[in-house]
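Inspection log for the structure reproduced underneath, given as structure tokens.
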Amino acid sequence: MSAPVAHCTADAAGTVVFELAGAAGPELVLRRRGGATPADEVRLPLTGPRAVLDHATPLAEGRWDIECDGRPVRPGTRDVRALVDRIPGAGPVTVRVPYPTADGRIALRSWVRAPHAEAGAIHLADGAMTVAGVLYGAGTGDGAAAEARRCEEGEGAPAPRTHRVPVTGGAGGAFTFTLPYAPLAEPAVTAPRLWDLWLLPAHGAAPVRLSRILDDVWDRRRIHVYPAYRADGWLAAPCYSGDNDLRVRLEPGDRHPAAMRTEAVRDG
């Protein structure tokens, strides 16, 4: 028996409607990858061929696999136009994007952020990146800053490093900052290096991860690939992680910029 097919429609409020073809089971089951609690499984009853994930149904941040009658569900058409250029309302920012997986299944990417710092246009010039964005669920105040945090993993990794630059706030939560690459290239860049970017809305405020999630793109690594800046001994460029979080990637200077962009897409 062939796997069922789901045609999906998502609205800006967070409701996703699944229209299934070839489904035999009584319900659609969503399971969060890596989850191990009852909240990591959501069951949606099928009414005829339709199952509805209502915007009010809690759904933790992460990637959710979908099955019906013990079988994975294949992707059909996806109408996610309502997610493009959306402006969230009050409360936590929630985003749910149905997407096709690399092995031919339908899955759902969920984000839940409160507050949320949405990255917008990125301007590259003079060895620096200038980021414009909007902060939802909080405002910027005295001492607002952007912070780059060096990503280090594994035994023997150096102590975490950070670098801050001031943030200029504007009306409606708008913010901008300029981050030079050079401080991120110290000490010498001898291997690939990643820096995660955070927004500190005000002095003493909790940091907010800089991301870009308010549209229909579930993985920005293949969508936003920026040109690399070449300096003496290193290359640098903005990139996004597989979770759509904004980063800066550095490479040793003997790498070709095109190779750096290819790796950012694959590994970012």
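By order of appearance in the structure tokens: chains A, B, ..., then residues from 1 within every chain, and ligands from 1 in the order shown.
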- Task: Tell me, as a list in words, which residues lie within 6 Å of range 87-98 of chain A, counting only C-alpha atoms; anything in the same chain fewer than 6 positions away does not count.
- Result: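 Close residues of range 87-98 of chain A: Gly14, Ala107, Leu108, Arg109, Ser110, Trp111, Val112, Arg113 and Ala114 of chain A.
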- Task: Show which residues sit within 7 Å of range 8-11 of chain A, as a list of chain:residue names. Count only C-alpha atoms, and ignore same-chain residues fewer than 2 positions away.
- Result: A:Ala6, A:Ala13, A:Gly14, A:Thr15, A:Val16, A:Val17, A:Phe18, A:Glu19, A:Thr77, A:Arg78, A:Asp79, A:Val80, A:Ala82, A:Leu83
- Please, what distance in Å, to one decimal, runs between CA of Leu124 in chain A and CA of Leu184 in chain A?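 Computed distance, CA of Leu124 in chain A to CA of Leu184 in chain A, equals 15.6 Å.
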- Identify all residues of range 154-222 of chain A in strand (DSSP E) (DSSP on the backbone) and supply them as number ranges by chain. A: 162-166, 168-169, 174-180, 193-200, 208-211
- Task: List every residue of range 15-257 of chain A that DSSP, applied to the backbone, labels as helix (DSSP H, G or I), and write the result as a count of residues only.
- Result: 17
